[in-house]
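Engineer: Next comes my_file-v5.cif, mmCIF, C-alpha atoms:
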data_query
loop_
_atom_site.group_PDB
_atom_site.id
_atom_site.type_symbol
_atom_site.label_atom_id
_atom_site.label_comp_id
_atom_site.auth_asym_id
_atom_site.auth_seq_id
_atom_site.Cartn_x
_atom_site.Cartn_y
_atom_site.Cartn_z
ATOM 1 C CA MET Q 1 114.790 140.275 119.591
ATOM 2 C CA VAL Q 2 116.296 140.221 116.108
ATOM 3 C CA ALA Q 3 119.807 139.919 117.543
ATOM 4 C CA ARG Q 4 118.683 137.057 119.789
ATOM 5 C CA LEU Q 5 117.420 135.202 116.717
ATOM 6 C CA TRP Q 6 120.288 135.918 114.337
ATOM 7 C CA GLN Q 7 123.314 135.429 116.594
ATOM 8 C CA PRO Q 8 122.864 131.666 117.123
ATOM 9 C CA LEU Q 9 121.826 131.232 113.484
ATOM 10 C CA GLY Q 10 124.983 133.006 112.354
ATOM 11 C CA LEU Q 11 127.103 130.721 114.551
ATOM 12 C CA LEU Q 12 125.327 127.623 113.202
ATOM 13 C CA ALA Q 13 125.848 128.871 109.624
ATOM 14 C CA LEU Q 14 129.601 129.222 110.244
ATOM 15 C CA ILE Q 15 129.738 125.709 111.702
ATOM 16 C CA ALA Q 16 127.826 124.406 108.673
ATOM 17 C CA LEU Q 17 130.276 126.105 106.309
ATOM 18 C CA ALA Q 18 133.240 124.626 108.186
ATOM 19 C CA ALA Q 19 131.655 121.157 108.033
ATOM 20 C CA MET Q 20 131.066 121.555 104.296
ATOM 21 C CA LEU Q 21 134.711 122.540 103.652
ATOM 22 C CA PHE Q 22 135.908 119.661 105.822
ATOM 23 C CA SER Q 23 133.734 117.251 103.812
ATOM 24 C CA LEU Q 24 135.176 118.540 100.535
ATOM 25 C CA ALA Q 25 138.754 118.134 101.720
ATOM 26 C CA VAL Q 26 138.510 114.727 103.410
ATOM 27 C CA GLY Q 27 138.149 111.375 101.666
ATOM 28 C CA SER Q 28 140.077 108.442 100.294
ATOM 29 C CA ALA Q 29 142.256 111.119 98.637
ATOM 30 C CA GLN Q 30 142.979 114.048 100.954
ATOM 31 C CA LEU Q 31 143.115 117.654 99.765
ATOM 32 C CA SER Q 32 145.100 120.349 101.528
ATOM 33 C CA ALA Q 33 143.640 123.745 102.324
ATOM 34 C CA ALA Q 34 145.702 125.258 99.512
ATOM 35 C CA GLN Q 35 144.389 122.710 96.980
ATOM 36 C CA LEU Q 36 140.805 123.279 98.113
ATOM 37 C CA TRP Q 37 141.217 127.063 97.900
ATOM 38 C CA ALA Q 38 142.627 126.714 94.377
ATOM 39 C CA VAL Q 39 139.552 124.692 93.353
ATOM 40 C CA VAL Q 40 137.246 127.335 94.876
ATOM 41 C CA GLN Q 41 139.036 129.954 92.763
ATOM 42 C CA GLY Q 42 138.557 127.828 89.633
ATOM 43 C CA GLN Q 43 142.199 126.830 89.496
ATOM 44 C CA GLY Q 44 144.144 123.764 90.634
ATOM 45 C CA ASP Q 45 144.723 120.515 88.793
ATOM 46 C CA ALA Q 46 141.950 118.807 86.844
ATOM 47 C CA LEU Q 47 141.778 115.774 89.152
ATOM 48 C CA ALA Q 48 141.178 117.913 92.249
ATOM 49 C CA ARG Q 49 138.499 119.968 90.456
ATOM 50 C CA THR Q 50 136.724 116.820 89.284
ATOM 51 C CA MET Q 51 136.909 115.269 92.729
ATOM 52 C CA VAL Q 52 135.468 118.330 94.468
ATOM 53 C CA ILE Q 53 132.975 119.720 91.960
ATOM 54 C CA GLU Q 54 131.614 116.530 90.428
ATOM 55 C CA LEU Q 55 131.853 114.050 93.294
ATOM 56 C CA ARG Q 56 132.132 115.553 96.770
ATOM 57 C CA LEU Q 57 130.224 118.832 96.443
ATOM 58 C CA PRO Q 58 126.931 117.333 95.147
ATOM 59 C CA ARG Q 59 127.076 114.652 97.825
ATOM 60 C CA ALA Q 60 127.817 117.141 100.617
ATOM 61 C CA LEU Q 61 125.010 119.470 99.493
ATOM 62 C CA SER Q 62 122.612 116.522 99.276
ATOM 63 C CA ALA Q 63 123.595 115.437 102.788
ATOM 64 C CA PHE Q 64 123.034 118.971 104.089
ATOM 65 C CA ALA Q 65 119.622 119.165 102.434
ATOM 66 C CA VAL Q 66 118.490 115.755 103.696
ATOM 67 C CA GLY Q 67 119.664 116.445 107.242
ATOM 68 C CA GLY Q 68 117.917 119.807 107.275
ATOM 69 C CA LEU Q 69 114.681 118.357 105.880
ATOM 70 C CA LEU Q 70 114.590 115.577 108.482
ATOM 71 C CA ALA Q 71 115.378 117.911 111.381
ATOM 72 C CA VAL Q 72 112.705 120.453 110.373
ATOM 73 C CA ALA Q 73 110.146 117.664 109.856
ATOM 74 C CA GLY Q 74 110.983 116.297 113.310
ATOM 75 C CA ALA Q 75 110.657 119.742 114.907
ATOM 76 C CA LEU Q 76 107.236 120.214 113.290
ATOM 77 C CA MET Q 77 106.012 116.829 114.509
ATOM 78 C CA GLN Q 78 107.214 117.555 118.039
ATOM 79 C CA VAL Q 79 105.279 120.840 118.012
ATOM 80 C CA LEU Q 80 102.181 119.103 116.694
ATOM 81 C CA LEU Q 81 102.231 116.288 119.261
ATOM 82 C CA ARG Q 82 103.902 118.233 122.079
ATOM 83 C CA ASN Q 83 106.120 115.203 122.575
ATOM 84 C CA PRO Q 84 109.937 115.161 122.212
ATOM 85 C CA LEU Q 85 109.780 111.549 120.956
ATOM 86 C CA ALA Q 86 107.752 112.513 117.877
ATOM 87 C CA ASP Q 87 109.620 112.003 114.639
ATOM 88 C CA PRO Q 88 108.695 111.217 111.004
ATOM 89 C CA TYR Q 89 110.165 107.741 111.393
ATOM 90 C CA VAL Q 90 108.383 106.984 114.648
ATOM 91 C CA LEU Q 91 105.055 108.155 113.231
ATOM 92 C CA GLY Q 92 105.250 106.082 110.065
ATOM 93 C CA LEU Q 93 105.785 108.887 107.546
ATOM 94 C CA SER Q 94 109.197 107.560 106.584
ATOM 95 C CA GLY Q 95 107.848 104.027 106.230
ATOM 96 C CA GLY Q 96 105.110 105.184 103.875
ATOM 97 C CA ALA Q 97 107.587 107.238 101.835
ATOM 98 C CA SER Q 98 109.988 104.278 101.672
ATOM 99 C CA ILE Q 99 107.245 101.988 100.376
ATOM 100 C CA GLY Q 100 106.335 104.514 97.684
ATOM 101 C CA ALA Q 101 109.969 104.898 96.647
ATOM 102 C CA LEU Q 102 110.588 101.133 96.640
ATOM 103 C CA ALA Q 103 107.475 100.611 94.517
ATOM 104 C CA ALA Q 104 108.849 103.148 92.026
ATOM 105 C CA MET Q 105 112.214 101.343 92.005
ATOM 106 C CA LEU Q 106 110.525 98.025 91.286
ATOM 107 C CA ALA Q 107 108.543 99.662 88.481
ATOM 108 C CA GLY Q 108 111.813 100.927 87.001
ATOM 109 C CA VAL Q 109 111.059 104.646 87.316
ATOM 110 C CA GLY Q 110 113.009 107.409 89.013
ATOM 111 C CA GLY Q 111 113.363 111.169 89.223
ATOM 112 C CA VAL Q 112 110.116 113.082 89.661
ATOM 113 C CA LEU Q 113 107.981 109.946 89.518
ATOM 114 C CA MET Q 114 109.942 108.381 92.365
ATOM 115 C CA SER Q 115 109.645 111.580 94.427
ATOM 116 C CA GLY Q 116 105.926 111.752 93.720
ATOM 117 C CA SER Q 117 105.476 108.113 94.684
ATOM 118 C CA ALA Q 118 107.328 108.686 97.961
ATOM 119 C CA PHE Q 119 105.192 111.750 98.731
ATOM 120 C CA ILE Q 120 102.000 109.801 98.023
ATOM 121 C CA GLY Q 121 103.231 107.056 100.356
ATOM 122 C CA ALA Q 122 104.007 109.556 103.130
ATOM 123 C CA LEU Q 123 100.672 111.325 102.634
ATOM 124 C CA LEU Q 124 98.819 107.998 102.688
ATOM 125 C CA SER Q 125 100.546 107.193 105.954
ATOM 126 C CA THR Q 126 99.501 110.611 107.280
ATOM 127 C CA PHE Q 127 95.834 110.053 106.469
ATOM 128 C CA LEU Q 128 95.974 106.508 107.828
ATOM 129 C CA VAL Q 129 97.503 107.588 111.143
ATOM 130 C CA PHE Q 130 95.077 110.498 111.534
ATOM 131 C CA GLY Q 131 92.105 108.342 110.578
ATOM 132 C CA LEU Q 132 92.955 105.490 112.941
ATOM 133 C CA ALA Q 133 93.838 107.847 115.806
ATOM 134 C CA HIS Q 134 90.621 109.866 115.527
ATOM 135 C CA GLY Q 135 88.142 108.873 118.182
ATOM 136 C CA SER Q 136 84.833 110.262 119.403
ATOM 137 C CA GLY Q 137 86.591 113.188 121.031
ATOM 138 C CA GLY Q 138 89.086 113.800 118.244
ATOM 139 C CA TRP Q 139 92.693 112.699 118.453
ATOM 140 C CA THR Q 140 95.102 113.282 121.302
ATOM 141 C CA PRO Q 141 98.900 113.449 121.068
ATOM 142 C CA SER Q 142 99.343 110.160 122.951
ATOM 143 C CA ARG Q 143 96.779 108.369 120.772
ATOM 144 C CA LEU Q 144 98.353 109.741 117.617
ATOM 145 C CA LEU Q 145 101.844 108.747 118.747
ATOM 146 C CA LEU Q 146 100.796 105.195 119.594
ATOM 147 C CA THR Q 147 98.951 104.866 116.301
ATOM 148 C CA GLY Q 148 101.988 106.139 114.423
ATOM 149 C CA VAL Q 149 104.236 103.572 116.125
ATOM 150 C CA VAL Q 150 101.877 100.742 115.138
ATOM 151 C CA VAL Q 151 101.551 102.002 111.552
ATOM 152 C CA ALA Q 152 105.350 102.343 111.299
ATOM 153 C CA ALA Q 153 105.695 98.711 112.427
ATOM 154 C CA GLY Q 154 103.151 97.713 109.764
ATOM 155 C CA TRP Q 155 105.081 99.577 107.070
ATOM 156 C CA GLY Q 156 108.222 97.769 108.215
ATOM 157 C CA ALA Q 157 106.486 94.429 107.628
ATOM 158 C CA VAL Q 158 105.352 95.545 104.158
ATOM 159 C CA ILE Q 159 108.906 96.655 103.303
ATOM 160 C CA THR Q 160 110.226 93.246 104.385
ATOM 161 C CA LEU Q 161 107.621 91.559 102.173
ATOM 162 C CA MET Q 162 108.572 93.744 99.198
ATOM 163 C CA LEU Q 163 112.241 92.886 99.678
ATOM 164 C CA ALA Q 164 111.448 89.185 99.942
ATOM 165 C CA LEU Q 165 109.522 89.299 96.646
ATOM 166 C CA SER Q 166 112.006 91.532 94.801
ATOM 167 C CA PRO Q 167 114.291 90.224 92.031
ATOM 168 C CA ALA Q 168 117.614 89.020 93.422
ATOM 169 C CA GLU Q 169 119.659 91.393 91.257
ATOM 170 C CA ARG Q 170 117.898 94.455 92.719
ATOM 171 C CA LEU Q 171 117.965 93.352 96.336
ATOM 172 C CA PRO Q 172 121.486 94.563 97.365
ATOM 173 C CA GLY Q 173 120.887 98.088 96.060
ATOM 174 C CA MET Q 174 117.468 98.297 97.719
ATOM 175 C CA LEU Q 175 118.836 97.077 101.055
ATOM 176 C CA TYR Q 176 121.740 99.535 100.970
ATOM 177 C CA TRP Q 177 119.353 102.367 100.055
ATOM 178 C CA LEU Q 178 117.059 101.481 102.980
ATOM 179 C CA MET Q 179 120.015 101.843 105.358
ATOM 180 C CA GLY Q 180 120.613 105.391 104.091
ATOM 181 C CA ASP Q 181 122.856 105.941 101.109
ATOM 182 C CA LEU Q 182 124.140 109.177 99.596
ATOM 183 C CA SER Q 183 126.472 107.531 97.071
ATOM 184 C CA TYR Q 184 124.178 108.272 94.140
ATOM 185 C CA ALA Q 185 122.880 111.659 95.303
ATOM 186 C CA ARG Q 186 123.824 113.854 92.358
ATOM 187 C CA ALA Q 187 120.935 116.358 92.244
ATOM 188 C CA PRO Q 188 121.070 118.383 95.490
ATOM 189 C CA TRP Q 189 119.243 121.484 94.286
ATOM 190 C CA PRO Q 190 115.593 120.269 94.494
ATOM 191 C CA PRO Q 191 115.824 119.230 98.186
ATOM 192 C CA LEU Q 192 117.921 122.329 98.986
ATOM 193 C CA LEU Q 193 115.360 124.634 97.400
ATOM 194 C CA LEU Q 194 112.557 122.813 99.237
ATOM 195 C CA LEU Q 195 114.417 123.247 102.532
ATOM 196 C CA MET Q 196 114.946 126.982 101.973
ATOM 197 C CA ALA Q 197 111.351 127.544 100.816
ATOM 198 C CA THR Q 198 110.009 125.668 103.847
ATOM 199 C CA CYS Q 199 112.027 127.772 106.281
ATOM 200 C CA VAL Q 200 110.930 131.001 104.582
ATOM 201 C CA LEU Q 201 107.280 129.948 104.762
ATOM 202 C CA LEU Q 202 107.419 128.670 108.352
ATOM 203 C CA ILE Q 203 109.196 131.583 110.023
ATOM 204 C CA PRO Q 204 106.120 133.897 109.746
ATOM 205 C CA LEU Q 205 104.080 131.112 111.388
ATOM 206 C CA GLY Q 206 106.485 130.976 114.329
ATOM 207 C CA ARG Q 207 104.167 132.781 116.748
ATOM 208 C CA SER Q 208 101.252 130.478 115.927
ATOM 209 C CA LEU Q 209 103.496 127.433 116.318
ATOM 210 C CA ASN Q 210 104.720 128.738 119.678
ATOM 211 C CA VAL Q 211 101.130 128.962 120.902
ATOM 212 C CA LEU Q 212 100.190 125.572 119.421
ATOM 213 C CA ALA Q 213 103.090 123.981 121.312
ATOM 214 C CA ARG Q 214 101.280 124.924 124.539
ATOM 215 C CA GLY Q 215 98.117 123.068 123.550
ATOM 216 C CA PRO Q 216 95.267 123.365 121.021
ATOM 217 C CA GLN Q 217 92.786 124.796 123.542
ATOM 218 C CA GLN Q 218 95.081 127.665 124.465
ATOM 219 C CA ALA Q 219 95.926 128.245 120.813
ATOM 220 C CA ALA Q 220 92.251 128.376 119.849
ATOM 221 C CA ALA Q 221 91.536 130.766 122.725
ATOM 222 C CA LEU Q 222 94.239 133.100 121.412
ATOM 223 C CA GLY Q 223 92.778 133.159 117.906
ATOM 224 C CA VAL Q 224 94.837 130.475 116.149
ATOM 225 C CA ASP Q 225 92.934 128.435 113.571
ATOM 226 C CA VAL Q 226 94.137 125.156 115.038
ATOM 227 C CA ARG Q 227 92.853 122.420 112.734
ATOM 228 C CA PRO Q 228 94.130 123.837 109.410
ATOM 229 C CA LEU Q 229 97.494 124.569 111.068
ATOM 230 C CA GLU Q 230 97.736 120.993 112.357
ATOM 231 C CA TRP Q 231 96.936 119.543 108.951
ATOM 232 C CA GLY Q 232 99.383 121.927 107.318
ATOM 233 C CA ILE Q 233 102.121 120.738 109.693
ATOM 234 C CA TYR Q 234 101.455 117.091 108.936
ATOM 235 C CA ILE Q 235 101.351 117.638 105.161
ATOM 236 C CA ALA Q 236 104.540 119.733 105.294
ATOM 237 C CA ALA Q 237 106.267 117.041 107.362
ATOM 238 C CA SER Q 238 105.120 114.433 104.818
ATOM 239 C CA LEU Q 239 106.571 116.438 101.938
ATOM 240 C CA LEU Q 240 109.884 117.034 103.717
ATOM 241 C CA THR Q 241 110.188 113.372 104.695
ATOM 242 C CA ALA Q 242 109.374 112.200 101.169
ATOM 243 C CA ALA Q 243 112.037 114.483 99.686
ATOM 244 C CA ALA Q 244 114.621 113.233 102.202
ATOM 245 C CA VAL Q 245 113.767 109.565 101.656
ATOM 246 C CA THR Q 246 113.847 109.958 97.872
ATOM 247 C CA THR Q 247 117.296 111.568 98.009
ATOM 248 C CA ALA Q 248 119.064 109.351 100.536
ATOM 249 C CA GLY Q 249 116.844 106.490 101.668
ATOM 250 C CA SER Q 250 115.920 105.795 105.271
ATOM 251 C CA ILE Q 251 118.020 107.764 107.779
ATOM 252 C CA GLY Q 252 116.972 107.804 111.417
ATOM 253 C CA PHE Q 253 117.583 109.843 114.546
ATOM 254 C CA VAL Q 254 118.287 113.182 112.819
ATOM 255 C CA GLY Q 255 114.686 114.341 113.196
ATOM 256 C CA LEU Q 256 114.588 113.069 116.763
ATOM 257 C CA VAL Q 257 117.860 114.261 118.293
ATOM 258 C CA VAL Q 258 118.525 117.605 116.570
ATOM 259 C CA PRO Q 259 115.298 119.467 117.541
ATOM 260 C CA HIS Q 260 115.468 118.139 121.095
ATOM 261 C CA MET Q 261 119.112 119.170 121.478
ATOM 262 C CA LEU Q 262 118.468 122.654 120.090
ATOM 263 C CA ARG Q 263 115.525 123.213 122.411
ATOM 264 C CA LEU Q 264 117.759 122.440 125.376
ATOM 265 C CA LEU Q 265 120.336 124.945 124.111
ATOM 266 C CA LEU Q 266 118.203 127.712 122.545
ATOM 267 C CA GLY Q 267 114.776 127.498 124.147
ATOM 268 C CA ASN Q 268 111.464 126.770 122.459
ATOM 269 C CA ASP Q 269 110.885 129.740 120.141
ATOM 270 C CA GLN Q 270 109.945 128.171 116.793
ATOM 271 C CA ARG Q 271 111.093 131.279 114.904
ATOM 272 C CA LEU Q 272 114.597 130.317 116.012
ATOM 273 C CA ILE Q 273 114.303 126.546 116.335
ATOM 274 C CA LEU Q 274 113.075 125.782 112.794
ATOM 275 C CA PRO Q 275 115.892 127.533 110.849
ATOM 276 C CA ALA Q 276 118.361 126.317 113.483
ATOM 277 C CA CYS Q 277 117.160 122.743 112.827
ATOM 278 C CA ALA Q 278 117.767 123.226 109.107
ATOM 279 C CA LEU Q 279 121.377 124.307 109.771
ATOM 280 C CA ALA Q 280 122.189 121.867 112.574
ATOM 281 C CA GLY Q 281 120.507 118.883 110.915
ATOM 282 C CA GLY Q 282 122.342 119.573 107.674
ATOM 283 C CA THR Q 283 125.665 119.942 109.487
ATOM 284 C CA LEU Q 284 125.144 116.705 111.402
ATOM 285 C CA LEU Q 285 124.437 114.677 108.277
ATOM 286 C CA VAL Q 286 127.340 116.224 106.345
ATOM 287 C CA LEU Q 287 129.725 115.170 109.123
ATOM 288 C CA ALA Q 288 128.074 111.742 109.441
ATOM 289 C CA ASP Q 289 128.367 111.133 105.690
ATOM 290 C CA THR Q 290 132.013 112.239 105.721
ATOM 291 C CA LEU Q 291 132.652 109.729 108.487
ATOM 292 C CA ALA Q 292 130.727 107.025 106.606
ATOM 293 C CA ARG Q 293 132.887 107.329 103.491
ATOM 294 C CA THR Q 294 136.231 107.688 105.282
ATOM 295 C CA MET Q 295 136.095 105.226 108.212
ATOM 296 C CA ILE Q 296 136.970 102.170 106.126
ATOM 297 C CA ALA Q 297 137.926 103.903 102.845
ATOM 298 C CA PRO Q 298 137.803 103.017 100.023
ATOM 299 C CA GLU Q 299 134.763 101.059 101.232
ATOM 300 C CA GLN Q 300 131.764 103.114 102.349
ATOM 301 C CA LEU Q 301 129.293 102.598 105.169
ATOM 302 C CA PRO Q 302 125.594 103.506 104.940
ATOM 303 C CA VAL Q 303 125.163 106.926 106.517
ATOM 304 C CA GLY Q 304 122.101 105.638 108.395
ATOM 305 C CA VAL Q 305 124.412 103.388 110.407
ATOM 306 C CA ILE Q 306 126.515 106.393 111.465
ATOM 307 C CA THR Q 307 123.484 108.491 112.472
ATOM 308 C CA ALA Q 308 122.178 105.590 114.577
ATOM 309 C CA LEU Q 309 125.569 105.092 116.263
ATOM 310 C CA LEU Q 310 125.755 108.831 116.991
ATOM 311 C CA GLY Q 311 122.059 109.333 117.712
ATOM 312 C CA VAL Q 312 121.443 106.630 120.311
ATOM 313 C CA PRO Q 313 124.058 107.727 122.909
ATOM 314 C CA THR Q 314 123.368 111.407 122.189
ATOM 315 C CA PHE Q 315 119.655 110.984 122.777
ATOM 316 C CA LEU Q 316 120.260 108.980 125.957
ATOM 317 C CA PHE Q 317 122.582 111.720 127.193
ATOM 318 C CA LEU Q 318 119.992 114.381 126.422
ATOM 319 C CA LEU Q 319 117.344 112.418 128.292
ATOM 320 C CA TYR Q 320 119.707 112.165 131.256
ATOM 321 C CA ARG Q 321 120.417 115.927 131.158
ATOM 322 C CA SER Q 322 116.705 116.806 130.978
ATOM 323 C CA ARG Q 323 115.652 114.755 134.027
#
Could you express the structure from this file as structure tokens?
Structural biologist:
Amino acid sequence: MVARLWQPLGLLALIALAAMLFSLAVGSAQLSAAQLWAVVQGQGDALARTMVIELRLPRALSAFAVGGLLAVAGALMQVLLRNPLADPYVLGLSGGASIGALAAMLAGVGGVLMSGSAFIGALLSTFLVFGLAHGSGGWTPSRLLLTGVVVAAGWGAVITLMLALSPAERLPGMLYWLMGDLSYARAPWPPLLLLMATCVLLIPLGRSLNVLARGPQQAAALGVDVRPLEWGIYIAASLLTAAAVTTAGSIGFVGLVVPHMLRLLLGNDQRLILPACALAGGTLLVLADTLARTMIAPEQLPVGVITALLGVPTFLFLLYRSR
């Protein structure tokens, strides 16, 4: 059992490392393998060290953290709703976090206050979706999903209103950030630590999540305390989404495609799927961000555009394969 869990994770970790090295070497100024190895050893010329350590490495680590956070949040939501279309963006969590972050931008604050504002926005969206979806017989996955779609559309209208009322000098930066932007991601350690802590905390809950994925009645019959687990999943997904949105803005399709793809390849054991989502989601966003900053270098594209261009055909292909 342990070998079955660790072998695919080891392979994904190697792929993630290769993607990270590729991201450090590729850009408007290319670095050879020898130059990159010299920088890793603390040698090489000053320009190469500055380029790698101060510019590319923080951005690559931030991309890995954001991709992992979104993929894990998407996997949790799909377990909760037992629906492969569930995703923090579809359910309105990202919209609430974006509104909180935009409000902090307009107030001229950043850092912890911006992260806290985004988390409050995501949590508010969580309570709103749960409250509206709760009927006389509780909420069902289909009711919750439909409510989340409507709330997400409402958040989109509020975001448009905020942009329309924003000062003209702030509008370009806010628009670019909403499309997903890692250009100013210079503090990767908080989201990375959150990603690692989340995986460590969730792996022991893997058995309970496996049972919950089969339905709340079966989970309750097998001794799982269903309601606190469901609320814990939604709050955890809110926190992960808020951290991702605060770091890189609104990036779609990572939380939708990556968990679905991994379930087709690795099965549905959450003890394997959740850490695999962290590795695969991070790898995907590192490669997408590398493509975004090299396609039309020295100009840069929003990474959210790349994930959408990659995510739409990939998801359609996965739907076709799973018929």
Engineer: For Ala185 of chain Q, which of Q:Met162, Q:Ala71, Q:Val151, Q:Leu57 is the closest residue, counting only C-alpha atoms?
Structural biologist: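 Using only C-alpha atoms, Ala185 of chain Q sits closest to Q:Leu57.
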Engineer: Using all atoms listed in the file, which of Q:Ala122, Q:Met179, Q:Leu266, Q:Ile273 sits nearest Gly249 of chain Q?
Structural biologist: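 That would be Q:Met179, the residue with the smallest distance to Gly249 of chain Q.
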Engineer: In Å, how far is it from atom CA of Leu128 of chain Q to atom CA of Tyr89 of chain Q?
Structural biologist: 14.7 Å
Engineer: Could you tell me which of Q:Leu93, Q:Ala164, Q:Leu272, Q:Ala118 comes closest to Asn210 of chain Q if we count all atoms listed in the file?
Structural biologist: Q:Leu272
Engineer: Given the file shown, enumerate the residues that the PyMOL selection byres ((chain Q and resi 283) around 10) captures and present them as an MDAnalysis selection string.
Structural biologist: chainID Q and resid 12:13 15:20 60 63:65 67:68 277:282 284:289
Engineer: Take the residues that were just selected and, keeping C-alpha atoms, output them as a short mmCIF file (atom, residue, chain, number, x, y, z; two decimals), in the frame of the given file.
Structural biologist:
data_model
loop_
_atom_site.label_atom_id
_atom_site.label_comp_id
_atom_site.auth_asym_id
_atom_site.auth_seq_id
_atom_site.Cartn_x
_atom_site.Cartn_y
_atom_site.Cartn_z
CA LEU Q 12 125.33 127.62 113.20
CA ALA Q 13 125.85 128.87 109.62
CA ILE Q 15 129.74 125.71 111.70
CA ALA Q 16 127.83 124.41 108.67
CA LEU Q 17 130.28 126.10 106.31
CA ALA Q 18 133.24 124.63 108.19
CA ALA Q 19 131.66 121.16 108.03
CA MET Q 20 131.07 121.56 104.30
CA ALA Q 60 127.82 117.14 100.62
CA ALA Q 63 123.60 115.44 102.79
CA PHE Q 64 123.03 118.97 104.09
CA ALA Q 65 119.62 119.16 102.43
CA GLY Q 67 119.66 116.44 107.24
CA GLY Q 68 117.92 119.81 107.28
CA CYS Q 277 117.16 122.74 112.83
CA ALA Q 278 117.77 123.23 109.11
CA LEU Q 279 121.38 124.31 109.77
CA ALA Q 280 122.19 121.87 112.57
CA GLY Q 281 120.51 118.88 110.92
CA GLY Q 282 122.34 119.57 107.67
CA LEU Q 284 125.14 116.70 111.40
CA LEU Q 285 124.44 114.68 108.28
CA VAL Q 286 127.34 116.22 106.34
CA LEU Q 287 129.72 115.17 109.12
CA ALA Q 288 128.07 111.74 109.44
CA ASP Q 289 128.37 111.13 105.69
#
Engineer: Name the residues that the PyMOL selection byres ((chain Q and resi 291-300) around 12) picks from the file above, as a ChimeraX atom specification, using the file's chain letters and numbers.
Structural biologist: /Q:19,22-30,56,59-60,63,176,179-183,284-290,301-310
Engineer: Please measure the separation of atom CA of Gly74 of chain Q and atom CA of Ala236 of chain Q, giving the value in Å to one decimal.
Structural biologist: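 Distance reported for this atom pair: 10.8 Å.
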Engineer: To one decimal place, how far is atom CA of Arg186 of chain Q from atom CA of Leu113 of chain Q in Å?
Structural biologist: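 So the two atoms, atom CA of Arg186 of chain Q and atom CA of Leu113 of chain Q, lie 16.6 Å apart.
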Engineer: Could you tell me which of Q:Leu69, Q:Ala221, Q:Val158, Q:Ala38 comes closest to Pro259 of chain Q if we count only C-alpha atoms?
Structural biologist: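 For Pro259 of chain Q, the nearest of the candidates is Q:Leu69.
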Engineer: Pick the closest to Ser94 of chain Q from Q:Ala73, Q:Met196, Q:Ile203, Q:Leu61: which is it, counting all atoms listed in the file?
Structural biologist: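 That would be Q:Ala73, the residue with the smallest distance to Ser94 of chain Q.
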Engineer: Residues within 9 Å of Leu229 of chain Q, please, as JSON, numbers by chain. Count only C-alpha atoms; anything in the same chain fewer than 3 positions from it doesn't count.
Structural biologist: {"Q": [208, 209, 212, 224, 225, 226, 232, 233, 234]}
Engineer: Between Q:Leu21, Q:Arg207, Q:Val90, Q:Arg227, which has the minimum distance to Val40 of chain Q (counting only C-alpha atoms)?
Structural biologist: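 Once distances to Val40 of chain Q are computed over only C-alpha atoms, the minimum belongs to Q:Leu21.
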Engineer: I need the output of the PyMOL selection byres ((chain Q and resi 104) around 12) for this file as a ChimeraX atom specification; which residues are they?
Structural biologist: /Q:97-103,105-121,162,174,246
Engineer: Would you pick out the contacts of Leu81 of chain Q at 10 Å or less, using all atoms listed in the file, so that residues sharing its chain but fewer than 4 positions from it are not included, and give the list as a list in words?
Structural biologist: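 My reading of the contact set: Leu76, Met77, Leu85, Ala86, Asp87, Thr140, Pro141, Ser142, Arg143, Leu144, Leu145, Leu212, Ala213, Gly215 and Glu230 of chain Q.
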Engineer: Regenerate segment 6-13 of chain Q at the level of N, CA, C and O atoms and dump it as a PDB file, in the frame of the given file.
Structural biologist:
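Once written, rebuild.pdb looks like this:
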ATOM      1  N   TRP Q   6     119.286 136.053 115.387  1.00  0.00           N
ATOM      2  CA  TRP Q   6     120.288 135.918 114.337  1.00  0.00           C
ATOM      3  C   TRP Q   6     121.656 135.508 114.856  1.00  0.00           C
ATOM      4  O   TRP Q   6     122.440 134.915 114.111  1.00  0.00           O
ATOM      5  N   GLN Q   7     121.991 135.805 116.086  1.00  0.00           N
ATOM      6  CA  GLN Q   7     123.314 135.429 116.594  1.00  0.00           C
ATOM      7  C   GLN Q   7     123.539 133.919 116.601  1.00  0.00           C
ATOM      8  O   GLN Q   7     124.547 133.441 116.060  1.00  0.00           O
ATOM      9  N   PRO Q   8     122.633 133.120 117.184  1.00  0.00           N
ATOM     10  CA  PRO Q   8     122.864 131.666 117.123  1.00  0.00           C
ATOM     11  C   PRO Q   8     122.769 131.109 115.710  1.00  0.00           C
ATOM     12  O   PRO Q   8     123.487 130.165 115.362  1.00  0.00           O
ATOM     13  N   LEU Q   9     121.916 131.700 114.869  1.00  0.00           N
ATOM     14  CA  LEU Q   9     121.826 131.232 113.484  1.00  0.00           C
ATOM     15  C   LEU Q   9     123.110 131.523 112.725  1.00  0.00           C
ATOM     16  O   LEU Q   9     123.560 130.708 111.912  1.00  0.00           O
ATOM     17  N   GLY Q  10     123.706 132.684 112.986  1.00  0.00           N
ATOM     18  CA  GLY Q  10     124.983 133.006 112.354  1.00  0.00           C
ATOM     19  C   GLY Q  10     126.074 132.038 112.773  1.00  0.00           C
ATOM     20  O   GLY Q  10     126.889 131.597 111.942  1.00  0.00           O
ATOM     21  N   LEU Q  11     126.112 131.679 114.065  1.00  0.00           N
ATOM     22  CA  LEU Q  11     127.103 130.721 114.551  1.00  0.00           C
ATOM     23  C   LEU Q  11     126.890 129.345 113.914  1.00  0.00           C
ATOM     24  O   LEU Q  11     127.849 128.695 113.478  1.00  0.00           O
ATOM     25  N   LEU Q  12     125.625 128.915 113.832  1.00  0.00           N
ATOM     26  CA  LEU Q  12     125.327 127.623 113.202  1.00  0.00           C
ATOM     27  C   LEU Q  12     125.693 127.632 111.715  1.00  0.00           C
ATOM     28  O   LEU Q  12     126.156 126.623 111.177  1.00  0.00           O
ATOM     29  N   ALA Q  13     125.489 128.770 111.045  1.00  0.00           N
ATOM     30  CA  ALA Q  13     125.848 128.871 109.624  1.00  0.00           C
ATOM     31  C   ALA Q  13     127.359 128.742 109.441  1.00  0.00           C
ATOM     32  O   ALA Q  13     127.827 128.086 108.496  1.00  0.00           O
TER      33      ALA Q  13
END
